[in-house]
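The data block below is upload.cif; it holds mmCIF, C-alpha atoms.
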data_data
#
loop_
_atom_site.label_atom_id
_atom_site.label_comp_id
_atom_site.auth_asym_id
_atom_site.auth_seq_id
_atom_site.Cartn_x
_atom_site.Cartn_y
_atom_site.Cartn_z
CA MET A 1 -3.15 10.39 25.23
CA TRP A 2 -1.67 8.21 22.47
CA LEU A 3 1.12 10.66 21.69
CA GLN A 4 2.76 10.29 25.08
CA THR A 5 3.19 6.52 25.08
CA PRO A 6 5.16 5.97 28.28
CA GLY A 7 7.94 3.39 28.13
CA LEU A 8 7.68 0.26 26.05
CA ILE A 9 4.57 -0.96 24.28
CA GLY A 10 5.33 -4.66 24.53
CA ASN A 11 7.94 -6.77 26.27
CA ARG A 12 8.85 -9.09 23.39
CA GLY A 13 10.37 -6.53 21.08
CA THR A 14 13.85 -6.32 19.58
CA VAL A 15 13.79 -2.56 20.15
CA THR A 16 14.14 -1.70 23.83
CA GLU A 17 14.70 1.49 25.76
CA ALA A 18 18.15 3.01 25.27
CA SER A 19 19.89 3.47 28.61
CA GLY A 20 21.42 6.85 29.39
CA PHE A 21 18.98 8.34 26.90
CA ASN A 22 19.47 12.03 26.13
CA PRO A 23 17.03 13.45 23.56
CA ASP A 24 19.08 16.64 23.08
CA ASP A 25 22.21 14.63 22.23
CA ASP A 26 20.26 12.47 19.80
CA ALA A 27 18.69 15.52 18.16
CA GLN A 28 22.18 16.95 17.72
CA LYS A 29 23.50 13.69 16.22
CA LEU A 30 20.65 13.68 13.70
CA ARG A 31 21.27 17.33 12.86
CA GLU A 32 24.95 16.56 12.24
CA ALA A 33 24.00 13.57 10.08
CA MET A 34 22.03 15.86 7.76
CA LYS A 35 24.35 18.85 7.67
CA GLY A 36 26.32 19.83 4.58
CA ALA A 37 26.60 17.75 1.44
CA GLY A 38 25.47 14.15 1.70
CA THR A 39 23.76 12.37 4.56
CA ASP A 40 25.26 10.12 7.21
CA GLU A 41 22.70 7.30 7.02
CA ALA A 42 24.64 5.12 9.46
CA ALA A 43 24.30 7.78 12.17
CA ILE A 44 20.56 8.03 11.54
CA ILE A 45 20.17 4.24 11.81
CA LYS A 46 22.29 4.15 14.98
CA VAL A 47 19.97 6.58 16.73
CA LEU A 48 16.49 5.76 15.43
CA ALA A 49 16.67 1.95 15.26
CA HIS A 50 17.79 1.79 18.89
CA ARG A 51 15.22 4.03 20.58
CA THR A 52 11.66 3.22 21.56
CA ILE A 53 8.72 5.06 20.02
CA ALA A 54 8.32 7.06 23.24
CA GLN A 55 12.00 8.04 23.12
CA ARG A 56 11.72 9.03 19.46
CA GLN A 57 8.84 11.38 20.34
CA ARG A 58 11.15 13.13 22.81
CA ILE A 59 13.88 13.36 20.15
CA LYS A 60 11.37 14.98 17.76
CA LEU A 61 10.52 17.56 20.41
CA ALA A 62 14.18 18.22 21.28
CA TYR A 63 14.97 18.63 17.57
CA LYS A 64 12.21 21.20 17.16
CA GLN A 65 13.37 23.07 20.26
CA THR A 66 17.07 23.11 19.37
CA VAL A 67 16.94 23.35 15.56
CA GLY A 68 13.59 25.07 15.09
CA LYS A 69 12.56 22.61 12.38
CA ASP A 70 10.48 19.46 12.07
CA LEU A 71 12.61 16.31 12.24
CA ALA A 72 10.33 14.21 10.01
CA GLU A 73 10.30 16.94 7.34
CA ASP A 74 14.09 17.29 7.42
CA LEU A 75 14.61 13.52 7.18
CA SER A 76 12.03 13.30 4.43
CA SER A 77 13.90 15.81 2.28
CA GLU A 78 17.27 14.11 2.93
CA LEU A 79 16.25 10.48 2.37
CA SER A 80 14.43 8.56 -0.32
CA GLY A 81 12.95 5.20 -1.23
CA HIS A 82 12.26 2.36 1.16
CA PHE A 83 14.84 3.59 3.64
CA GLN A 84 12.92 6.85 3.94
CA SER A 85 9.65 4.94 4.47
CA VAL A 86 11.16 2.96 7.36
CA VAL A 87 12.68 6.03 9.04
CA LEU A 88 9.49 8.10 8.80
CA GLY A 89 7.44 5.14 10.07
CA LEU A 90 9.71 4.82 13.10
CA LEU A 91 9.02 8.44 14.06
CA MET A 92 5.26 7.94 14.35
CA PRO A 93 3.37 6.80 17.47
CA VAL A 94 1.69 3.43 16.89
CA PRO A 95 -1.89 4.52 16.08
CA VAL A 96 -0.59 7.37 13.93
CA TYR A 97 1.47 4.93 11.87
CA ASP A 98 -1.46 2.51 11.54
CA ALA A 99 -3.81 5.32 10.48
CA TYR A 100 -1.21 6.60 8.02
CA GLU A 101 -0.80 3.13 6.49
CA LEU A 102 -4.58 2.63 6.22
CA LYS A 103 -4.94 6.01 4.53
CA ALA A 104 -2.13 5.19 2.08
CA ALA A 105 -3.74 1.82 1.31
CA MET A 106 -6.94 3.57 0.20
CA LYS A 107 -5.32 6.38 -1.77
CA GLY A 108 -5.75 6.68 -5.51
CA ALA A 109 -7.33 4.18 -7.86
CA GLY A 110 -6.63 0.78 -6.31
CA THR A 111 -6.88 -0.39 -2.72
CA GLU A 112 -4.17 -2.35 -0.95
CA GLU A 113 -6.53 -4.82 0.69
CA ALA A 114 -3.62 -6.64 2.34
CA CYS A 115 -2.88 -3.56 4.45
CA LEU A 116 -6.50 -3.19 5.60
CA ILE A 117 -6.56 -6.88 6.51
CA ASP A 118 -3.16 -6.94 8.27
CA ILE A 119 -4.06 -4.03 10.51
CA LEU A 120 -7.78 -4.49 11.17
CA ALA A 121 -7.57 -8.25 11.81
CA SER A 122 -4.71 -8.00 14.29
CA ARG A 123 -5.32 -4.98 16.53
CA SER A 124 -6.95 -5.09 19.97
CA ASN A 125 -10.03 -3.03 20.83
CA SER A 126 -8.00 -0.30 22.53
CA GLU A 127 -5.55 -0.17 19.61
CA MET A 128 -8.47 0.01 17.18
CA ASN A 129 -10.15 2.81 19.15
CA ALA A 130 -6.92 4.82 19.08
CA ILE A 131 -6.59 4.29 15.31
CA ASN A 132 -10.18 5.46 14.78
CA GLU A 133 -9.53 8.56 16.86
CA VAL A 134 -6.30 9.45 15.06
CA TYR A 135 -7.76 8.78 11.63
CA LYS A 136 -10.65 11.18 12.19
CA LYS A 137 -8.33 13.84 13.59
CA GLU A 138 -5.65 13.56 10.90
CA TYR A 139 -7.80 12.99 7.83
CA GLY A 140 -11.09 14.72 8.63
CA LYS A 141 -13.31 11.70 8.06
CA THR A 142 -13.99 8.50 9.95
CA LEU A 143 -12.09 5.35 9.11
CA GLU A 144 -15.45 3.64 8.63
CA ASP A 145 -16.45 6.16 5.94
CA ALA A 146 -13.08 5.71 4.23
CA VAL A 147 -13.37 1.91 4.28
CA CYS A 148 -16.97 2.01 3.04
CA GLY A 149 -15.99 4.32 0.19
CA ASP A 150 -13.21 1.98 -0.86
CA THR A 151 -14.51 -1.55 -0.42
CA SER A 152 -17.78 -3.37 -1.01
CA GLY A 153 -19.90 -6.40 -0.26
CA MET A 154 -19.27 -8.84 2.53
CA PHE A 155 -15.57 -7.92 2.68
CA GLN A 156 -16.59 -4.38 3.58
CA ARG A 157 -18.99 -5.65 6.24
CA VAL A 158 -16.26 -7.72 7.92
CA LEU A 159 -13.87 -4.74 7.96
CA VAL A 160 -16.57 -2.46 9.40
CA SER A 161 -17.29 -5.02 12.11
CA LEU A 162 -13.58 -5.20 12.99
CA LEU A 163 -13.10 -1.45 13.15
CA THR A 164 -16.00 -0.97 15.57
CA ALA A 165 -13.66 -2.64 18.11
CA GLY A 166 -16.54 -4.66 19.51
CA ARG A 167 -14.82 -7.98 20.16
CA ASP A 168 -15.48 -9.51 23.57
CA GLU A 169 -12.06 -9.42 25.27
CA SER A 170 -12.90 -11.49 28.33
CA ASP A 171 -11.53 -15.03 28.59
CA LYS A 172 -14.83 -16.67 29.43
CA VAL A 173 -15.68 -19.81 27.45
CA ASP A 174 -19.34 -20.76 27.16
CA GLU A 175 -19.12 -24.48 26.33
CA ALA A 176 -22.71 -24.80 25.10
CA LEU A 177 -22.36 -21.68 22.94
CA ALA A 178 -19.02 -22.92 21.57
CA VAL A 179 -20.69 -26.09 20.33
CA LYS A 180 -23.58 -24.06 18.89
CA ASP A 181 -21.20 -21.60 17.18
CA ALA A 182 -19.22 -24.46 15.63
CA LYS A 183 -22.46 -26.05 14.41
CA ASP A 184 -23.74 -22.72 13.05
CA ILE A 185 -20.55 -22.12 11.08
CA PHE A 186 -20.58 -25.69 9.78
CA GLU A 187 -24.18 -25.36 8.69
CA ALA A 188 -23.50 -21.95 7.16
CA GLY A 189 -20.68 -23.35 5.02
CA GLU A 190 -19.67 -26.96 4.52
CA ALA A 191 -23.15 -28.37 5.17
CA ARG A 192 -25.00 -26.36 2.54
CA TRP A 193 -24.87 -25.28 -1.04
CA GLY A 194 -23.58 -21.70 -1.04
CA THR A 195 -22.24 -20.00 2.06
CA ASP A 196 -23.96 -17.85 4.67
CA GLU A 197 -21.02 -15.52 5.33
CA VAL A 198 -22.88 -13.45 7.94
CA LYS A 199 -22.76 -16.41 10.34
CA PHE A 200 -18.97 -16.51 9.99
CA LEU A 201 -18.80 -12.76 10.61
CA THR A 202 -21.01 -12.90 13.70
CA VAL A 203 -18.93 -15.60 15.34
CA LEU A 204 -15.40 -14.71 14.16
CA CYS A 205 -15.58 -10.94 14.67
CA VAL A 206 -17.39 -10.78 17.98
CA ARG A 207 -16.51 -13.71 20.28
CA ASN A 208 -13.45 -13.68 22.53
CA ARG A 209 -10.22 -15.52 21.72
CA ASN A 210 -10.48 -18.36 24.26
CA HIS A 211 -14.05 -19.05 23.25
CA LEU A 212 -13.12 -19.12 19.55
CA LEU A 213 -10.22 -21.51 20.11
CA ARG A 214 -12.83 -23.86 21.65
CA VAL A 215 -15.12 -23.25 18.67
CA PHE A 216 -12.28 -24.21 16.30
CA ASP A 217 -11.73 -27.47 18.21
CA GLU A 218 -15.45 -28.25 18.12
CA TYR A 219 -15.59 -27.35 14.46
CA LYS A 220 -12.85 -29.86 13.66
CA LYS A 221 -14.79 -32.58 15.47
CA ILE A 222 -17.95 -31.86 13.50
CA SER A 223 -16.49 -31.24 10.04
CA LYS A 224 -13.31 -33.34 10.24
CA ARG A 225 -11.27 -30.41 8.98
CA ASP A 226 -9.70 -27.21 10.26
CA ILE A 227 -11.73 -24.01 10.08
CA GLU A 228 -8.97 -22.57 7.84
CA ASP A 229 -9.52 -25.33 5.28
CA SER A 230 -13.24 -24.68 5.24
CA ILE A 231 -12.72 -20.95 4.76
CA LYS A 232 -10.44 -21.70 1.78
CA ARG A 233 -13.03 -24.06 0.31
CA GLU A 234 -16.03 -21.83 0.91
CA MET A 235 -14.69 -18.37 0.09
CA SER A 236 -12.35 -16.56 -2.26
CA GLY A 237 -10.53 -13.27 -2.79
CA SER A 238 -10.34 -10.62 -0.09
CA LEU A 239 -13.14 -12.17 1.96
CA GLU A 240 -11.20 -15.44 2.23
CA ASP A 241 -8.07 -13.45 3.10
CA VAL A 242 -9.69 -11.46 5.90
CA PHE A 243 -11.40 -14.46 7.53
CA LEU A 244 -8.13 -16.45 7.38
CA ALA A 245 -6.24 -13.51 8.90
CA ILE A 246 -8.75 -13.29 11.77
CA VAL A 247 -8.44 -17.00 12.53
CA LYS A 248 -4.63 -16.96 12.28
CA CYS A 249 -4.35 -13.90 14.54
CA LEU A 250 -6.58 -15.57 17.11
CA ARG A 251 -4.40 -18.67 17.07
CA SER A 252 -1.09 -16.75 17.16
CA LYS A 253 -0.33 -13.19 16.10
CA PRO A 254 3.45 -13.76 15.89
CA ALA A 255 2.89 -16.79 13.60
CA PHE A 256 0.53 -14.70 11.45
CA PHE A 257 3.14 -11.94 11.06
CA ALA A 258 5.93 -14.49 10.44
CA GLU A 259 3.89 -15.91 7.55
CA ARG A 260 3.15 -12.45 6.17
CA LEU A 261 6.88 -11.59 6.27
CA TYR A 262 7.80 -14.87 4.60
CA LYS A 263 5.29 -14.32 1.81
CA SER A 264 6.47 -10.74 1.31
CA MET A 265 9.99 -12.01 0.52
CA LYS A 266 9.73 -15.46 -0.99
CA GLY A 267 9.85 -15.94 -4.76
CA LEU A 268 10.57 -13.17 -7.22
CA GLY A 269 10.48 -9.60 -5.98
CA THR A 270 9.62 -8.29 -2.54
CA THR A 271 6.37 -6.78 -1.32
CA ASP A 272 8.19 -3.97 0.47
CA SER A 273 5.04 -2.29 1.80
CA VAL A 274 4.24 -5.42 3.84
CA LEU A 275 7.84 -5.98 4.94
CA ILE A 276 8.23 -2.37 6.09
CA ARG A 277 4.85 -2.19 7.84
CA ILE A 278 5.44 -5.31 9.92
CA MET A 279 9.08 -4.57 10.78
CA VAL A 280 8.22 -1.03 11.88
CA SER A 281 4.98 -1.78 13.71
CA ARG A 282 6.05 -4.96 15.55
CA ALA A 283 9.70 -4.12 16.41
CA GLU A 284 8.78 -3.01 19.91
CA ILE A 285 5.92 -5.41 20.53
CA ASP A 286 6.60 -9.03 19.57
CA MET A 287 9.46 -9.20 17.06
CA LEU A 288 11.29 -11.76 19.23
CA ASP A 289 8.29 -14.10 18.98
CA ILE A 290 7.87 -13.42 15.26
CA LYS A 291 11.53 -14.36 14.67
CA GLU A 292 11.09 -17.55 16.70
CA HIS A 293 8.02 -18.58 14.71
CA PHE A 294 9.70 -17.67 11.43
CA LEU A 295 12.63 -19.98 12.17
CA LYS A 296 10.32 -22.77 13.32
CA MET A 297 7.98 -22.45 10.34
CA TYR A 298 10.53 -21.95 7.54
CA GLY A 299 13.80 -23.39 8.85
CA LYS A 300 15.65 -20.15 8.11
CA SER A 301 16.10 -17.02 10.19
CA LEU A 302 14.15 -13.85 9.43
CA HIS A 303 17.53 -12.09 9.55
CA SER A 304 18.89 -14.22 6.69
CA PHE A 305 15.74 -13.67 4.62
CA ILE A 306 15.92 -9.89 4.99
CA LYS A 307 19.64 -9.93 4.24
CA GLY A 308 19.11 -11.86 1.03
CA ASP A 309 16.14 -9.86 -0.12
CA THR A 310 17.04 -6.21 0.48
CA SER A 311 20.07 -3.96 0.00
CA GLY A 312 21.81 -0.77 1.06
CA ASP A 313 20.69 1.36 4.00
CA TYR A 314 17.21 -0.14 3.71
CA ARG A 315 18.70 -3.55 4.48
CA LYS A 316 20.85 -2.12 7.28
CA ILE A 317 17.97 -0.50 9.16
CA LEU A 318 15.70 -3.55 8.78
CA LEU A 319 18.44 -5.82 10.12
CA GLU A 320 18.87 -3.52 13.12
CA LEU A 321 15.11 -3.70 13.78
CA CYS A 322 15.26 -7.47 13.39
CA GLY A 323 17.98 -7.71 16.02
CA GLY A 324 20.66 -10.41 15.86
CA GLU A 325 20.44 -13.73 14.05
#
Would you kindly transcribe this structure into structure tokens?
Amino acid sequence: MWLQTPGLIGNRGTVTEASGFNPDDDAQKLREAMKGAGTDEAAIIKVLAHRTIAQRQRIKLAYKQTVGKDLAEDLSSELSGHFQSVVLGLLMPVPVYDAYELKAAMKGAGTEEACLIDILASRSNSEMNAINEVYKKEYGKTLEDAVCGDTSGMFQRVLVSLLTAGRDESDKVDEALAVKDAKDIFEAGEARWGTDEVKFLTVLCVRNRNHLLRVFDEYKKISKRDIEDSIKREMSGSLEDVFLAIVKCLRSKPAFFAERLYKSMKGLGTTDSVLIRIMVSRAEIDMLDIKEHFLKMYGKSLHSFIKGDTSGDYRKILLELCGGE
């Protein structure tokens, strides 16, 4: 069951299992950090940023057993702002955090399309199935119903296709089909007036990664440009964003997340929701690769970007999740 994630989720994370782990000790440290007037944020960071998600679940249980209260609720009442968001995110198992973020993105008047795209375009079938299961359990309605109630048109159809978790995950490449797919996409876009977006959906949301990388090569031969360029020329708004995210995730998830992090911090202001979501959700999976791509793509370290763009305990916990320079 998704709540008892054993060990690590990935092997390219900055967060790794703490050795000599003792959940009762950690629960006690957190209790001490919240006792009396004021909160010892440094102690909270020291524990939570250096434990895996599985270890944090055991700390939550130990806290409940020894203190008789819910750790997330206690931390929630002690902390505030972005720092609180990071800490509470760290306490959730992966699909619970993803479901929580999706729910928050669809709350109230507007929709944070970027969140729907970031999550739905980058998760594997098994991750997506777990999110669907948690969403239904936690929020009493299916994720599909929620998405359909909050989005429309072709953008909605792409998201629905992604959340059915129906992508072929084999590594089989059908050469003849790859050529046909490339031709179909070309004829659905660049070669005609107007765009047949369904063709893009059928190919990009269903075929396996290896096959699609071949399709992208074939596409470049036929159209003399990258599939990304064609998507930018043929589409706009959220639909363009979701198709680009799918293609970028197929090429390289760490590069996709590095770009999302860069865009969340460059220029004036910071899109903290994006920064927090990626730092929390990828810390244990592929943060080492994301940092590598970030440095390669932008000539500066992710660490230095976070340092220059955030402050206080929020900065401190993000830098711990980021690991060293």
Original post:
Do you know which residues the PyMOL selection byres ((chain A and resi 122-135) around 10) returns on this file, as a ChimeraX atom specification?
Top reply: /A:1-2,94-100,102-103,117-121,136-144,146,162-169,245-250,252-253,256-257
Could you tell me, as a PDB file with C-alpha atoms, in the frame of the given file, exactly which residues end up selected when the PyMOL selection byres ((chain A and resi 67-80) around 9) is applied to this structure?
ATOM      1  CA  ALA A  27      18.690  15.520  18.160  1.00  0.00           C
ATOM      2  CA  GLN A  28      22.180  16.950  17.720  1.00  0.00           C
ATOM      3  CA  LEU A  30      20.650  13.680  13.700  1.00  0.00           C
ATOM      4  CA  ARG A  31      21.270  17.330  12.860  1.00  0.00           C
ATOM      5  CA  MET A  34      22.030  15.860   7.760  1.00  0.00           C
ATOM      6  CA  GLY A  38      25.470  14.150   1.700  1.00  0.00           C
ATOM      7  CA  THR A  39      23.760  12.370   4.560  1.00  0.00           C
ATOM      8  CA  GLU A  41      22.700   7.300   7.020  1.00  0.00           C
ATOM      9  CA  ILE A  59      13.880  13.360  20.150  1.00  0.00           C
ATOM     10  CA  LYS A  60      11.370  14.980  17.760  1.00  0.00           C
ATOM     11  CA  LEU A  61      10.520  17.560  20.410  1.00  0.00           C
ATOM     12  CA  ALA A  62      14.180  18.220  21.280  1.00  0.00           C
ATOM     13  CA  TYR A  63      14.970  18.630  17.570  1.00  0.00           C
ATOM     14  CA  LYS A  64      12.210  21.200  17.160  1.00  0.00           C
ATOM     15  CA  GLN A  65      13.370  23.070  20.260  1.00  0.00           C
ATOM     16  CA  THR A  66      17.070  23.110  19.370  1.00  0.00           C
ATOM     17  CA  GLY A  81      12.950   5.200  -1.230  1.00  0.00           C
ATOM     18  CA  HIS A  82      12.260   2.360   1.160  1.00  0.00           C
ATOM     19  CA  PHE A  83      14.840   3.590   3.640  1.00  0.00           C
ATOM     20  CA  GLN A  84      12.920   6.850   3.940  1.00  0.00           C
ATOM     21  CA  SER A  85       9.650   4.940   4.470  1.00  0.00           C
ATOM     22  CA  VAL A  87      12.680   6.030   9.040  1.00  0.00           C
ATOM     23  CA  LEU A  88       9.490   8.100   8.800  1.00  0.00           C
ATOM     24  CA  LEU A  91       9.020   8.440  14.060  1.00  0.00           C
TER      25      LEU A  91
END
Original post:
Which value, in Å to one decimal, gives the distance between atom CA of Cys115 of chain A and atom CA of Glu101 of chain A?
Top reply: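 Between atom CA of Cys115 of chain A and atom CA of Glu101 of chain A the gap works out to 7.3 Å.
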Original post:
For Gly324 of chain A, which residue among A:Thr271, A:Ser223, A:Ser301, A:Thr310 is the nearest when counting all atoms listed in the file?
Top reply: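 Checking each candidate against Gly324 of chain A, we get A:Ser301 as the closest.
Picture a line from atom CA of Lys180 of chain A to atom CA of Ile222 of chain A; it runs 11.0 Å.
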Enumerate, in order of chain and increasing residue number, the residues of segment 29-118 of chain A with an atom no farther than 7 Å from segment 278-287 of chain A, each with its shortest atom pair and distance in Å to one decimal, counting only C-alpha atoms, as a tab-separated table.
residue	atom	partner	partner_atom	distance
A:Val86	CA	A:Val280	CA	6.7
A:Gly89	CA	A:Val280	CA	6.5
A:Leu90	CA	A:Val280	CA	6.2
A:Val94	CA	A:Ser281	CA	6.9
Could the residues in this selection be saved with C-alpha atoms as a PDB file, keeping the file's coordinate frame?
ATOM      1  CA  VAL A  86      11.160   2.960   7.360  1.00  0.00           C
ATOM      2  CA  GLY A  89       7.440   5.140  10.070  1.00  0.00           C
ATOM      3  CA  LEU A  90       9.710   4.820  13.100  1.00  0.00           C
ATOM      4  CA  VAL A  94       1.690   3.430  16.890  1.00  0.00           C
TER       5      VAL A  94
END
Original post:
By how many Å are atom CA of Lys224 of chain A and atom CA of Glu187 of chain A apart?
Top reply: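 Taking atom CA of Lys224 of chain A as the start and atom CA of Glu187 of chain A as the end point, the length is 13.6 Å.
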Subject >> Closest of A:Asp184, A:Asp272, A:Glu32, A:Glu218 to Val203 of chain A - atom-to-atom distances counting all atoms listed in the file >> reply: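 Result for the nearest residue to Val203 of chain A: A:Asp184.
The residue that comes closest to Ala49 of chain A, out of A:His293, A:Glu325, A:Val158, A:Tyr314 and on the basis of only C-alpha atoms, is A:Tyr314.
Put simply, the PyMOL selection byres ((chain A and resi 288) around 7) in this file takes in Arg12, Gly13, Thr14, Asp286, Met287, Asp289, Ile290, Lys291 and Glu292 of chain A.
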Subject >> Close residues, Glu175 of chain A itself excluded, 12 Å, only C-alpha atoms, min 4 positions apart in chain, as a count of residues only >> reply: 12
**OP:** Just the residues within 10 Å of Phe200 of chain A, please, counting all atoms listed in the file, with nothing from its chain fewer than 3 positions along; format it as a list in words.
**Re:**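 So, after excluding close chain neighbours, the residues are Val158, Asp181, Ala182, Asp184, Ile185, Phe186, Ala188, Gly189, Thr195, Asp196, Glu197, Val203, Leu204, Cys205, Val206, Ile231 and Phe243 of chain A.
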Subject >> Nearest-residue call for Asp241 of chain A, choices A:Leu116, A:Val198, A:Ala104, A:Gly149, using all atoms listed in the file >> reply: A:Leu116
Kindly reconstruct segment 264-272 of chain A with all heavy atoms and present the result as a tab-separated table (two decimals), in the frame of the given file.
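Final output, out33.tsv:
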chain	number	residue	atom	x	y	z
A	264	SER	N	6.06	-12.02	1.92
A	264	SER	CA	6.47	-10.74	1.31
A	264	SER	C	7.85	-10.86	0.65
A	264	SER	O	8.21	-10.04	-0.18
A	264	SER	CB	6.49	-9.62	2.36
A	264	SER	OG	7.65	-9.70	3.17
A	265	MET	N	8.62	-11.89	1.04
A	265	MET	CA	9.99	-12.01	0.52
A	265	MET	C	10.24	-13.23	-0.34
A	265	MET	O	11.22	-13.27	-1.07
A	265	MET	CB	10.98	-11.98	1.69
A	265	MET	CG	11.07	-10.65	2.39
A	265	MET	SD	12.29	-10.64	3.72
A	265	MET	CE	11.40	-11.42	5.06
A	266	LYS	N	9.40	-14.25	-0.23
A	266	LYS	CA	9.73	-15.46	-0.99
A	266	LYS	C	9.42	-15.25	-2.48
A	266	LYS	O	8.60	-14.42	-2.85
A	266	LYS	CB	8.98	-16.67	-0.44
A	266	LYS	CG	7.53	-16.81	-0.89
A	266	LYS	CD	7.02	-18.18	-0.48
A	266	LYS	CE	5.60	-18.46	-0.79
A	266	LYS	NZ	5.01	-18.27	-2.04
A	267	GLY	N	10.10	-16.04	-3.32
A	267	GLY	CA	9.85	-15.94	-4.76
A	267	GLY	C	10.47	-14.69	-5.35
A	267	GLY	O	11.35	-14.07	-4.75
A	268	LEU	N	10.00	-14.32	-6.51
A	268	LEU	CA	10.57	-13.17	-7.22
A	268	LEU	C	10.02	-11.86	-6.65
A	268	LEU	O	8.83	-11.72	-6.43
A	268	LEU	CB	10.22	-13.25	-8.71
A	268	LEU	CG	11.09	-14.19	-9.55
A	268	LEU	CD1	10.56	-14.29	-10.95
A	268	LEU	CD2	12.54	-13.71	-9.56
A	269	GLY	N	10.93	-10.91	-6.44
A	269	GLY	CA	10.48	-9.60	-5.98
A	269	GLY	C	10.08	-9.62	-4.51
A	269	GLY	O	9.90	-10.67	-3.90
A	270	THR	N	9.96	-8.44	-3.96
A	270	THR	CA	9.62	-8.29	-2.54
A	270	THR	C	8.44	-7.34	-2.42
A	270	THR	O	8.40	-6.31	-3.08
A	270	THR	CB	10.82	-7.66	-1.78
A	270	THR	OG1	11.98	-8.45	-2.04
A	270	THR	CG2	10.57	-7.60	-0.30
A	271	THR	N	7.47	-7.70	-1.59
A	271	THR	CA	6.37	-6.78	-1.32
A	271	THR	C	6.84	-5.88	-0.17
A	271	THR	O	6.59	-6.17	1.00
A	271	THR	CB	5.08	-7.52	-0.93
A	271	THR	OG1	4.90	-8.62	-1.83
A	271	THR	CG2	3.87	-6.60	-1.01
A	272	ASP	N	7.55	-4.81	-0.55
A	272	ASP	CA	8.19	-3.97	0.47
A	272	ASP	C	7.19	-3.31	1.42
A	272	ASP	O	7.50	-3.12	2.59
A	272	ASP	CB	9.07	-2.91	-0.21
A	272	ASP	CG	10.25	-3.55	-0.92
A	272	ASP	OD1	11.17	-4.00	-0.24
A	272	ASP	OD2	10.21	-3.64	-2.16
